[in-house]
$ cat model_19.cif   # mmCIF, C-alpha atoms (C1' of nucleotides)
data_entry
loop_
_atom_site.label_atom_id
_atom_site.label_comp_id
_atom_site.auth_asym_id
_atom_site.auth_seq_id
_atom_site.Cartn_x
_atom_site.Cartn_y
_atom_site.Cartn_z
CA MET R 1 0.00 0.00 0.00
CA PRO R 2 2.69 2.47 -0.96
CA ASP R 3 0.22 5.23 -1.78
CA GLY R 4 -1.85 4.96 1.34
CA GLU R 5 -5.18 4.36 -0.33
CA LEU R 6 -7.68 2.54 1.80
CA ALA R 7 -9.29 0.93 -1.25
CA SER R 8 -6.21 -1.13 -2.08
CA PHE R 9 -5.83 -2.40 1.49
CA ALA R 10 -7.71 -5.58 0.60
CA ASP R 11 -5.42 -6.22 -2.36
CA PHE R 12 -2.40 -5.61 -0.18
CA CYS R 13 -3.57 -8.16 2.39
CA LYS R 14 -4.18 -10.77 -0.29
CA ARG R 15 -0.72 -10.27 -1.73
CA GLN R 16 0.80 -10.66 1.73
CA GLY R 17 -1.33 -13.66 2.66
CA LEU R 18 -3.07 -11.74 5.45
CA LYS R 19 -6.70 -12.17 6.36
CA ILE R 20 -8.83 -9.07 5.99
CA THR R 21 -10.46 -8.77 9.39
CA HIS R 22 -12.87 -6.16 10.63
CA GLN R 23 -10.25 -5.11 13.24
CA ARG R 24 -7.44 -4.66 10.71
CA LEU R 25 -9.63 -2.63 8.40
CA GLU R 26 -10.73 -0.24 11.12
CA ILE R 27 -7.25 0.12 12.63
CA TYR R 28 -5.77 0.94 9.25
CA ARG R 29 -8.60 3.34 8.45
CA GLU R 30 -8.05 5.22 11.71
CA VAL R 31 -4.28 5.48 11.39
CA LEU R 32 -4.72 6.80 7.86
CA GLN R 33 -7.21 9.37 9.05
CA MET R 34 -5.33 10.53 12.15
CA THR R 35 -2.57 12.88 11.06
CA GLY R 36 -1.51 13.58 14.65
CA HIS R 37 0.87 10.59 14.93
CA PRO R 38 -1.18 8.68 17.50
CA ASP R 39 0.11 6.15 20.00
CA ALA R 40 -1.38 2.68 20.37
CA GLU R 41 -3.72 3.71 23.18
CA THR R 42 -5.17 6.56 21.11
CA VAL R 43 -5.75 4.29 18.13
CA TYR R 44 -7.41 1.84 20.50
CA GLU R 45 -9.82 4.45 21.85
CA ARG R 46 -10.80 5.59 18.37
CA VAL R 47 -11.28 2.10 16.96
CA ARG R 48 -13.33 1.10 19.99
CA GLU R 49 -16.03 3.52 18.87
CA LYS R 50 -16.49 1.31 15.83
CA ILE R 51 -15.65 -2.08 17.38
CA PRO R 52 -16.39 -1.88 21.12
CA VAL R 53 -15.13 -5.39 21.88
CA ILE R 54 -11.68 -4.95 20.33
CA SER R 55 -8.78 -5.55 22.71
CA LEU R 56 -5.74 -3.36 23.21
CA ASP R 57 -3.30 -6.13 22.40
CA THR R 58 -4.93 -6.63 19.02
CA VAL R 59 -4.19 -2.98 18.32
CA TYR R 60 -0.57 -3.47 19.38
CA ARG R 61 -0.25 -6.67 17.33
CA THR R 62 -1.82 -5.08 14.28
CA LEU R 63 0.29 -1.92 14.44
CA ARG R 64 3.41 -4.05 14.72
CA LEU R 65 2.27 -6.14 11.75
CA PHE R 66 1.57 -3.05 9.66
CA GLU R 67 4.98 -1.66 10.54
CA GLU R 68 6.72 -4.91 9.57
CA LYS R 69 4.88 -4.89 6.26
CA GLY R 70 5.87 -1.28 5.71
CA ILE R 71 2.44 0.32 5.43
CA ILE R 72 2.89 2.44 8.54
CA ARG R 73 5.98 3.78 10.28
CA LYS R 74 6.95 3.83 13.94
CA LEU R 75 8.49 7.09 15.07
CA GLY R 76 11.51 7.52 17.30
CA MET R 77 13.90 4.91 18.54
CA GLN R 78 13.39 1.35 17.37
CA ASN R 79 14.55 -0.28 20.59
CA ASP R 80 12.68 0.17 23.81
CA ARG R 81 15.42 1.54 25.99
CA ALA R 82 16.41 5.18 26.36
CA ARG R 83 20.01 6.01 25.48
CA PHE R 84 22.17 8.78 26.87
CA ASP R 85 24.86 11.01 25.46
CA ALA R 86 27.34 13.19 27.35
CA ASN R 87 28.12 15.08 24.14
CA ILE R 88 25.84 18.09 24.50
CA THR R 89 27.30 20.11 21.65
CA PRO R 90 24.95 20.23 18.65
CA HIS R 91 25.51 17.15 16.56
CA HIS R 92 23.69 14.48 14.60
CA HIS R 93 23.48 10.70 14.58
CA PHE R 94 24.05 7.90 12.14
CA ILE R 95 22.37 4.67 13.28
CA CYS R 96 23.25 1.30 11.78
CA VAL R 97 20.02 -0.68 11.58
CA LYS R 98 21.93 -3.95 11.61
CA CYS R 99 24.30 -3.69 14.58
CA GLY R 100 22.73 -0.76 16.44
CA LEU R 101 25.86 1.39 16.29
CA ILE R 102 25.18 5.08 16.88
CA LYS R 103 27.82 7.42 15.53
CA ASP R 104 27.96 11.16 16.04
CA PHE R 105 28.58 13.41 13.11
CA TYR R 106 28.75 17.11 12.38
CA SER R 107 27.77 19.02 9.30
CA LYS R 108 28.62 22.53 8.19
CA GLU R 109 25.98 22.26 5.50
CA LEU R 110 23.21 21.40 7.96
CA ASN R 111 24.21 24.09 10.40
CA ASP R 112 23.31 26.60 7.70
CA TYR R 113 19.86 25.11 7.23
CA HIS R 114 17.03 27.37 8.38
CA PRO R 115 13.80 25.41 8.67
CA ASP R 116 11.61 28.51 8.96
CA ASN R 117 10.58 28.41 5.33
CA ASP R 118 9.57 24.75 5.48
CA VAL R 119 7.71 24.71 8.82
CA PRO R 120 4.94 27.30 8.95
CA ASP R 121 3.64 26.81 12.51
CA VAL R 122 6.95 26.97 14.34
CA ALA R 123 7.56 29.93 16.67
CA ASP R 124 10.89 29.16 18.36
CA ILE R 125 13.42 26.50 17.36
CA GLN R 126 15.38 24.83 20.14
CA SER R 127 17.23 22.12 18.24
CA VAL R 128 17.63 20.63 14.78
CA HIS R 129 18.64 17.00 14.92
CA ILE R 130 19.25 14.64 12.02
CA GLU R 131 18.95 10.90 12.27
CA ILE R 132 20.39 8.92 9.41
CA ARG R 133 19.56 5.21 9.26
CA GLY R 134 21.48 2.76 7.17
CA ILE R 135 24.21 0.13 7.12
CA CYS R 136 27.68 0.82 8.46
CA GLN R 137 30.88 -0.19 6.63
CA ASN R 138 31.60 -2.91 9.15
CA CYS R 139 28.23 -4.66 8.72
CA LYS R 140 28.45 -4.37 4.94
CA ASN R 141 31.91 -5.91 4.85
CA ASN R 142 31.08 -8.76 7.21
CA HIS R 143 27.82 -10.04 5.79
CA GLY R 144 27.02 -8.73 2.36
CA MET X 1 29.50 21.77 32.78
CA PRO X 2 29.00 22.86 29.20
CA ASP X 3 32.39 21.61 28.10
CA GLY X 4 32.11 18.15 29.58
CA GLU X 5 35.19 18.31 31.77
CA LEU X 6 35.14 15.93 34.69
CA ALA X 7 37.21 18.33 36.78
CA SER X 8 34.48 20.95 36.88
CA PHE X 9 31.82 18.44 37.89
CA ALA X 10 32.28 19.32 41.55
CA ASP X 11 31.89 23.01 40.83
CA PHE X 12 28.81 22.31 38.78
CA CYS X 13 27.21 20.38 41.64
CA LYS X 14 27.91 23.14 44.11
CA ARG X 15 26.39 25.74 41.83
CA GLN X 16 23.28 23.57 41.46
CA GLY X 17 23.04 22.76 45.17
CA LEU X 18 23.67 19.06 44.53
CA LYS X 19 25.68 16.85 46.82
CA ILE X 20 28.76 15.27 45.28
CA THR X 21 28.26 11.60 45.97
CA HIS X 22 30.47 8.68 45.02
CA GLN X 23 27.65 7.33 42.83
CA ARG X 24 27.12 10.58 40.92
CA LEU X 25 30.82 10.97 40.27
CA GLU X 26 31.23 7.49 38.87
CA ILE X 27 28.05 7.62 36.79
CA TYR X 28 29.10 10.89 35.23
CA ARG X 29 32.62 9.62 34.64
CA GLU X 30 31.31 6.55 32.81
CA VAL X 31 28.84 8.40 30.62
CA LEU X 32 31.60 10.82 29.66
CA GLN X 33 33.90 7.97 28.78
CA MET X 34 31.39 5.84 26.86
CA THR X 35 30.95 7.30 23.41
CA GLY X 36 28.58 4.52 22.32
CA HIS X 37 25.42 6.20 23.66
CA PRO X 38 24.73 3.66 26.41
CA ASP X 39 21.38 2.83 27.96
CA ALA X 40 20.78 2.87 31.73
CA GLU X 41 21.44 -0.85 32.12
CA THR X 42 24.83 -0.56 30.39
CA VAL X 43 25.86 2.37 32.56
CA TYR X 44 24.76 0.36 35.59
CA GLU X 45 26.93 -2.61 34.64
CA ARG X 46 29.97 -0.42 34.09
CA VAL X 47 29.57 1.58 37.28
CA ARG X 48 29.03 -1.60 39.28
CA GLU X 49 32.64 -2.56 38.60
CA LYS X 50 33.62 0.49 40.65
CA ILE X 51 30.72 0.52 43.14
CA PRO X 52 29.38 -3.05 43.44
CA VAL X 53 26.54 -2.13 45.78
CA ILE X 54 25.03 0.58 43.59
CA SER X 55 21.41 0.03 42.64
CA LEU X 56 19.87 0.30 39.21
CA ASP X 57 17.32 2.86 40.28
CA THR X 58 20.06 5.19 41.48
CA VAL X 59 21.47 5.03 37.97
CA TYR X 60 18.05 5.87 36.53
CA ARG X 61 17.52 8.67 39.04
CA THR X 62 20.96 10.12 38.43
CA LEU X 63 20.70 9.99 34.64
CA ARG X 64 17.34 11.73 34.84
CA LEU X 65 18.84 14.35 37.14
CA PHE X 66 21.79 14.94 34.81
CA GLU X 67 19.44 15.28 31.89
CA GLU X 68 17.27 17.80 33.72
CA LYS X 69 20.36 19.81 34.60
CA GLY X 70 21.48 19.67 30.98
CA ILE X 71 24.83 17.92 31.40
CA ILE X 72 23.78 14.86 29.42
CA ARG X 73 21.17 14.33 26.73
CA LYS X 74 18.54 11.65 26.30
CA LEU X 75 18.22 10.40 22.73
CA GLY X 76 15.01 9.62 20.91
CA MET X 77 11.45 10.31 21.97
CA GLN X 78 10.88 12.20 25.20
CA ASN X 79 7.64 10.47 26.06
CA ASP X 80 7.46 6.77 26.73
CA ARG X 81 4.92 5.68 24.18
CA ALA X 82 5.61 4.70 20.58
CA ARG X 83 3.79 6.76 17.96
CA PHE X 84 2.72 5.72 14.50
CA ASP X 85 2.46 7.42 11.17
CA ALA X 86 0.63 6.25 8.05
CA ASN X 87 2.53 8.79 5.96
CA ILE X 88 5.34 6.66 4.58
CA THR X 89 6.61 9.17 2.05
CA PRO X 90 9.94 10.72 3.11
CA HIS X 91 9.25 13.62 5.41
CA HIS X 92 10.44 15.29 8.60
CA HIS X 93 8.96 16.27 11.94
CA PHE X 94 8.58 19.38 14.01
CA ILE X 95 7.82 18.59 17.65
CA CYS X 96 6.47 21.16 20.06
CA VAL X 97 8.09 20.49 23.42
CA LYS X 98 5.22 22.19 25.23
CA CYS X 99 2.07 20.61 23.84
CA GLY X 100 3.56 17.53 22.17
CA LEU X 101 2.27 18.42 18.71
CA ILE X 102 4.08 16.60 15.91
CA LYS X 103 3.84 18.26 12.50
CA ASP X 104 5.10 16.82 9.25
CA PHE X 105 7.14 18.97 6.95
CA TYR X 106 8.98 18.62 3.66
CA SER X 107 12.12 20.27 2.46
CA LYS X 108 13.54 20.57 -1.03
CA GLU X 109 16.79 21.78 0.50
CA LEU X 110 17.18 18.70 2.71
CA ASN X 111 16.31 16.30 -0.06
CA ASP X 112 19.46 17.50 -1.82
CA TYR X 113 21.63 16.86 1.22
CA HIS X 114 24.18 14.08 0.75
CA PRO X 115 25.57 13.01 4.13
CA ASP X 116 28.40 10.96 2.64
CA ASN X 117 30.93 13.71 3.18
CA ASP X 118 30.05 14.14 6.84
CA VAL X 119 29.68 10.50 7.92
CA PRO X 120 32.77 8.44 7.16
CA ASP X 121 31.67 4.97 8.30
CA VAL X 122 28.37 4.81 6.46
CA ALA X 123 27.99 2.27 3.66
CA ASP X 124 24.32 2.48 2.63
CA ILE X 125 21.83 5.17 3.62
CA GLN X 126 18.22 4.11 4.07
CA SER X 127 16.68 7.30 5.43
CA VAL X 128 17.51 10.84 6.44
CA HIS X 129 15.12 12.17 9.02
CA ILE X 130 15.13 15.56 10.70
CA GLU X 131 13.58 16.23 14.06
CA ILE X 132 13.12 19.86 14.99
CA ARG X 133 12.21 20.66 18.59
CA GLY X 134 10.78 23.96 19.65
CA ILE X 135 7.65 25.89 20.50
CA CYS X 136 4.70 26.09 18.12
CA GLN X 137 2.83 29.31 17.32
CA ASN X 138 -0.19 28.22 19.31
CA CYS X 139 1.75 27.61 22.53
CA LYS X 140 3.67 30.87 22.14
CA ASN X 141 0.45 32.86 21.68
CA ASN X 142 -1.40 31.23 24.56
CA HIS X 143 1.15 31.40 27.34
CA GLY X 144 4.05 33.67 26.63
"C1'" DC V 1 -12.71 -27.63 7.29
"C1'" DT V 2 -8.26 -25.48 7.95
"C1'" DT V 3 -5.50 -21.94 9.35
"C1'" DA V 4 -4.75 -17.66 11.08
"C1'" DA V 5 -6.47 -13.87 14.14
"C1'" DT V 6 -8.72 -12.44 18.28
"C1'" DG V 7 -9.63 -11.63 23.32
"C1'" DC V 8 -8.43 -12.54 27.73
"C1'" DA V 9 -5.33 -12.72 31.43
"C1'" DA V 10 -0.87 -13.02 32.81
"C1'" DA V 11 3.91 -12.04 31.86
"C1'" DA V 12 7.78 -9.33 30.53
"C1'" DC V 13 10.12 -5.31 30.16
"C1'" DA V 14 11.90 -0.60 31.29
"C1'" DT V 15 11.28 2.95 34.43
"C1'" DT V 16 9.46 5.29 38.67
"C1'" DT V 17 8.28 5.85 43.58
"C1'" DG V 18 7.61 5.42 48.90
"C1'" DC V 19 10.18 4.87 52.69
"C1'" DA V 20 13.64 3.82 56.14
"C1'" DA V 21 18.69 3.85 56.50
"C1'" DC V 22 22.54 6.53 55.33
"C1'" DA V 23 26.00 9.88 53.72
"C1'" DA V 24 27.22 14.73 52.51
"C1'" DC V 25 27.47 19.17 54.14
"C1'" DG O 1 22.37 17.87 63.26
"C1'" DT O 2 19.97 18.79 59.00
"C1'" DT O 3 18.94 17.81 54.54
"C1'" DG O 4 19.37 15.45 50.46
"C1'" DT O 5 20.57 10.81 48.53
"C1'" DT O 6 20.67 5.94 48.38
"C1'" DG O 7 19.07 1.03 48.30
"C1'" DC O 8 15.48 -1.93 48.59
"C1'" DA O 9 11.19 -3.62 47.22
"C1'" DA O 10 7.05 -2.76 45.35
"C1'" DA O 11 4.42 -0.20 41.94
"C1'" DT O 12 3.65 1.71 37.49
"C1'" DG O 13 3.03 1.94 32.59
"C1'" DT O 14 3.80 0.10 28.10
"C1'" DT O 15 4.21 -3.70 25.24
"C1'" DT O 16 4.36 -8.77 24.50
"C1'" DT O 17 2.89 -13.65 24.87
"C1'" DG O 18 0.38 -18.32 25.77
"C1'" DC O 19 -3.71 -20.35 25.00
"C1'" DA O 20 -8.50 -21.42 24.17
"C1'" DT O 21 -12.14 -19.45 21.23
"C1'" DT O 22 -13.60 -17.48 17.05
"C1'" DA O 23 -13.72 -15.82 12.36
"C1'" DA O 24 -11.74 -15.74 7.52
"C1'" DG O 25 -10.62 -18.17 3.45
#
$ encode --input "model_19.cif" --output "structure tokens"
Amino acid sequence: MPDGELASFADFCKRQGLKITHQRLEIYREVLQMTGHPDAETVYERVREKIPVISLDTVYRTLRLFEEKGIIRKLGMQNDRARFDANITPHHHFICVKCGLIKDFYSKELNDYHPDNDVPDVADIQSVHIEIRGICQNCKNNHG
Amino acid sequence: MPDGELASFADFCKRQGLKITHQRLEIYREVLQMTGHPDAETVYERVREKIPVISLDTVYRTLRLFEEKGIIRKLGMQNDRARFDANITPHHHFICVKCGLIKDFYSKELNDYHPDNDVPDVADIQSVHIEIRGICQNCKNNHG
DNA sequence: CTTAATGCAAAACATTTGCAACAAC
DNA sequence: GTTGTTGCAAATGTTTTGCATTAAG
């Protein structure tokens, strides 16, 4: 479902060998509709208006499934634990999705970037932080 | 302690009215030393080699304290819950630190950014994601 | 009918908190 | 001595899992 159309959700499920359940349809419909980047609990509350007997863990399971299949995205850190950094100078992070390495980097180019033109509703900017995900040299060399 | 020197840690504590305990000293020393962006558990294991009787919740409490005082930084999402996004086209986020609003934005300028020059150890890039933190217009208008 | 998905309750996990004992000042 | 900090254990909050029941194909 690369284009996010609800109509092709059924086709997508068939292609992936997934059953099209009432719960999955409503969960996907809600996440599509909610532009506010909801958490699982919020999705649960909204879907419950349509399917009162749905359980919270079905919402969790379904969101995880959708994320694995690439039709929705999970924001923030992938792992559950918080990580800390004693480097408090402005810098950015490269994260290797294979080994979990986090590497600091700096960028003259990005320091000159002024987001004001791109973000209309912003009043004051406190920080601009880039997160690059990919594969590090080490992982690429070791296993393809 | 803006410059991250261990020597001035004592001064910093005095200025902030914090007691300089054995635990705080060792926790700060470890986080300074570990460039790999450790989680609380990892810091705990390392500090335990110096102070075997230290408890995990002291590590949590101390890291939280350090973060509040601005001498270390917590990576990733500030809130505990995962959030989901059905918009899977490449885009970036502005996050209001007051009301928690997350707003998508796009940038022609950023799409042209090639991080290769800045990040030496990267082999393949999967995504470049910017997270801007600040105050939104609405929050600024409503309460100073 | 067969297989996968759901709901329930319980578990697992990271993180926080109340409180008495303790250490820093 | 006074006050803030620690360690312990228990609580919290989010997310996951085992299993019997149910619904989809």
$ resolve_selection --input "model_19.cif" --expression "the PyMOL selection byres ((chain O) within 8 of (chain X))" --output "PDB file with C-alpha atoms (C1' of nucleotides), keeping the file's coordinate frame"
ATOM      1  C1'  DG O   4      19.370  15.450  50.460  1.00  0.00           C
ATOM      2  C1'  DT O   6      20.670   5.940  48.380  1.00  0.00           C
ATOM      3  C1'  DG O   7      19.070   1.030  48.300  1.00  0.00           C
ATOM      4  C1'  DT O  14       3.800   0.100  28.100  1.00  0.00           C
TER       5       DT O  14
END
$ closest_atom_pairs --input "model_19.cif" --of "chain V" --to "chain R" --cutoff "12 Å" --atoms "all atoms listed in the file" --output "CSV"
residue,atom,partner,partner_atom,distance
V:DT3,C1',R:Lys19,CA,10.3
V:DA4,C1',R:Lys19,CA,7.5
V:DA5,C1',R:Lys19,CA,8.0
V:DT6,C1',R:Thr58,CA,7.0
V:DG7,C1',R:Ser55,CA,6.2
V:DC8,C1',R:Ser55,CA,8.6
V:DA9,C1',R:Asp57,CA,11.4
V:DC13,C1',R:Asp80,CA,8.8
V:DA14,C1',R:Arg81,CA,6.7
V:DT15,C1',R:Arg81,CA,9.5
$ write_last_selection --input "model_19.cif" --atoms "C-alpha atoms (C1' of nucleotides)" --output "mmCIF file, keeping the file's coordinate frame"
data_model
loop_
_atom_site.group_PDB
_atom_site.id
_atom_site.type_symbol
_atom_site.label_atom_id
_atom_site.label_comp_id
_atom_site.auth_asym_id
_atom_site.auth_seq_id
_atom_site.Cartn_x
_atom_site.Cartn_y
_atom_site.Cartn_z
ATOM 1 C "C1'" DT V 3 -5.500 -21.940 9.350
ATOM 2 C "C1'" DA V 4 -4.750 -17.660 11.080
ATOM 3 C "C1'" DA V 5 -6.470 -13.870 14.140
ATOM 4 C "C1'" DT V 6 -8.720 -12.440 18.280
ATOM 5 C "C1'" DG V 7 -9.630 -11.630 23.320
ATOM 6 C "C1'" DC V 8 -8.430 -12.540 27.730
ATOM 7 C "C1'" DA V 9 -5.330 -12.720 31.430
ATOM 8 C "C1'" DC V 13 10.120 -5.310 30.160
ATOM 9 C "C1'" DA V 14 11.900 -0.600 31.290
ATOM 10 C "C1'" DT V 15 11.280 2.950 34.430
#
$ resolve_selection --input "model_19.cif" --expression "the PyMOL selection byres ((chain X and resi 16) around 12)" --output "JSON, numbers by chain"
{"X": [1, 9, 10, 11, 12, 13, 14, 15, 17, 18, 19, 20, 65, 66, 68, 69, 70, 71]}
$ closest_residue --input "model_19.cif" --among "X:Val59, X:Ile95, X:Val47, X:Leu32" --to "chain R" --atoms "all atoms listed in the file"
X:Leu32
$ residues_around --input "model_19.cif" --residues "stretch 112-121 of chain X" --least-positions-apart "2" --cutoff "12 Å" --atoms "only C-alpha atoms (C1' of nucleotides)" --output "JSON, numbers by chain"
{"R": [91, 92, 93, 94, 95, 96, 101, 102, 103, 104, 105, 106, 107, 108, 109, 110, 111, 112, 113, 130, 131, 132, 133, 134, 135, 136, 137, 138, 139, 140, 141], "X": [106, 107, 108, 109, 110, 123, 124, 125, 126, 127, 128, 129, 130]}
$ atom_distance --input "model_19.cif" --atom1 "atom CA of R:Arg73" --atom2 "atom CA of R:Gly100"
18.4 Å
$ residues_near_point --input "model_19.cif" --point "(5.5, 0.2, 42.5)" --cutoff "12 Å" --atoms "all atoms listed in the file" --output "JSON, numbers by chain"
{"V": [15, 16, 17, 18], "O": [8, 9, 10, 11, 12, 13]}
$ atom_distance --input "model_19.cif" --atom1 "atom CA of X:Pro90" --atom2 "atom C1' of O:DT15"
27.0 Å
$ residues_near_point --input "model_19.cif" --point "(31.5, 2.8, 40.6)" --cutoff "8 Å" --atoms "all atoms listed in the file" --output "list in words"
His22, Gln23, Glu26, Ile27, Arg46, Val47, Arg48, Glu49, Lys50, Ile51, Pro52 and Ile54 of chain X
$ resolve_selection --input "model_19.cif" --expression "the PyMOL selection byres ((chain X and resi 38) around 10)" --output "list in words"
Arg81, Ala82, Arg83, Phe84, Asp85, Ala86 and Ile102 of chain R; Glu30, Val31, Met34, Thr35, Gly36, His37, Asp39, Ala40, Glu41, Thr42, Val43 and Tyr44 of chain X
$ closest_residue --input "model_19.cif" --among "R:Met77, R:Ser8, R:Tyr28, R:Glu67" --to "chain X" --atoms "only C-alpha atoms"
R:Met77
$ axis_aligned_box --input "model_19.cif" --around "stretch 70-75 of chain X" --padding-each-side "8 Å" --output "JSON"
{"center_x": 21.5, "center_y": 15.0, "center_z": 27.1, "size_x": 22.6, "size_y": 25.3, "size_z": 24.7}
$ closest_residue --input "model_19.cif" --among "X:Leu63, X:Cys99, X:Ile72, X:Leu25" --to "chain R" --atoms "only C-alpha atoms"
X:Ile72
$ atom_distance --input "model_19.cif" --atom1 "atom CA of R:Gln33" --atom2 "atom CA of R:Arg64"
18.0 Å
$ closest_residue --input "model_19.cif" --among "X:Asn79, X:Tyr60, X:His143, X:Asn87" --to "chain R" --atoms "all atoms listed in the file"
X:Asn87
$ closest_residue --input "model_19.cif" --among "R:Arg61, R:Asn142, R:Lys98, R:Lys74" --to "chain X" --atoms "only C-alpha atoms"
R:Lys74
$ build_atoms --input "model_19.cif" --residues "stretch 86-97 of chain X" --atoms "N, CA, C and O atoms" --output "tab-separated table (two decimals), keeping the file's coordinate frame"
chain	number	residue	atom	x	y	z
X	86	ALA	N	0.99	6.94	9.30
X	86	ALA	CA	0.63	6.25	8.05
X	86	ALA	C	1.22	6.94	6.84
X	86	ALA	O	1.12	6.45	5.73
X	87	ASN	N	1.86	8.08	7.05
X	87	ASN	CA	2.53	8.79	5.96
X	87	ASN	C	3.92	8.19	5.79
X	87	ASN	O	4.83	8.48	6.55
X	88	ILE	N	4.06	7.33	4.76
X	88	ILE	CA	5.34	6.66	4.58
X	88	ILE	C	6.19	7.29	3.49
X	88	ILE	O	7.24	6.79	3.16
X	89	THR	N	5.74	8.43	2.97
X	89	THR	CA	6.61	9.17	2.05
X	89	THR	C	7.67	9.89	2.88
X	89	THR	O	7.43	10.22	4.03
X	90	PRO	N	8.88	10.10	2.32
X	90	PRO	CA	9.94	10.72	3.11
X	90	PRO	C	9.54	12.11	3.58
X	90	PRO	O	9.17	12.95	2.76
X	91	HIS	N	9.58	12.31	4.88
X	91	HIS	CA	9.25	13.62	5.41
X	91	HIS	C	9.89	13.79	6.78
X	91	HIS	O	10.46	12.86	7.32
X	92	HIS	N	9.78	14.97	7.33
X	92	HIS	CA	10.44	15.29	8.60
X	92	HIS	C	9.43	15.76	9.62
X	92	HIS	O	8.26	15.93	9.30
X	93	HIS	N	9.89	15.94	10.87
X	93	HIS	CA	8.96	16.27	11.94
X	93	HIS	C	9.39	17.49	12.75
X	93	HIS	O	10.56	17.61	13.11
X	94	PHE	N	8.40	18.33	13.01
X	94	PHE	CA	8.58	19.38	14.01
X	94	PHE	C	7.80	18.99	15.24
X	94	PHE	O	6.62	18.66	15.16
X	95	ILE	N	8.46	19.00	16.41
X	95	ILE	CA	7.82	18.59	17.65
X	95	ILE	C	7.78	19.76	18.62
X	95	ILE	O	8.83	20.34	18.93
X	96	CYS	N	6.59	20.10	19.06
X	96	CYS	CA	6.47	21.16	20.06
X	96	CYS	C	6.71	20.56	21.44
X	96	CYS	O	5.99	19.66	21.86
X	97	VAL	N	7.72	21.07	22.13
X	97	VAL	CA	8.09	20.49	23.42
X	97	VAL	C	7.09	20.86	24.51
X	97	VAL	O	7.11	20.28	25.59
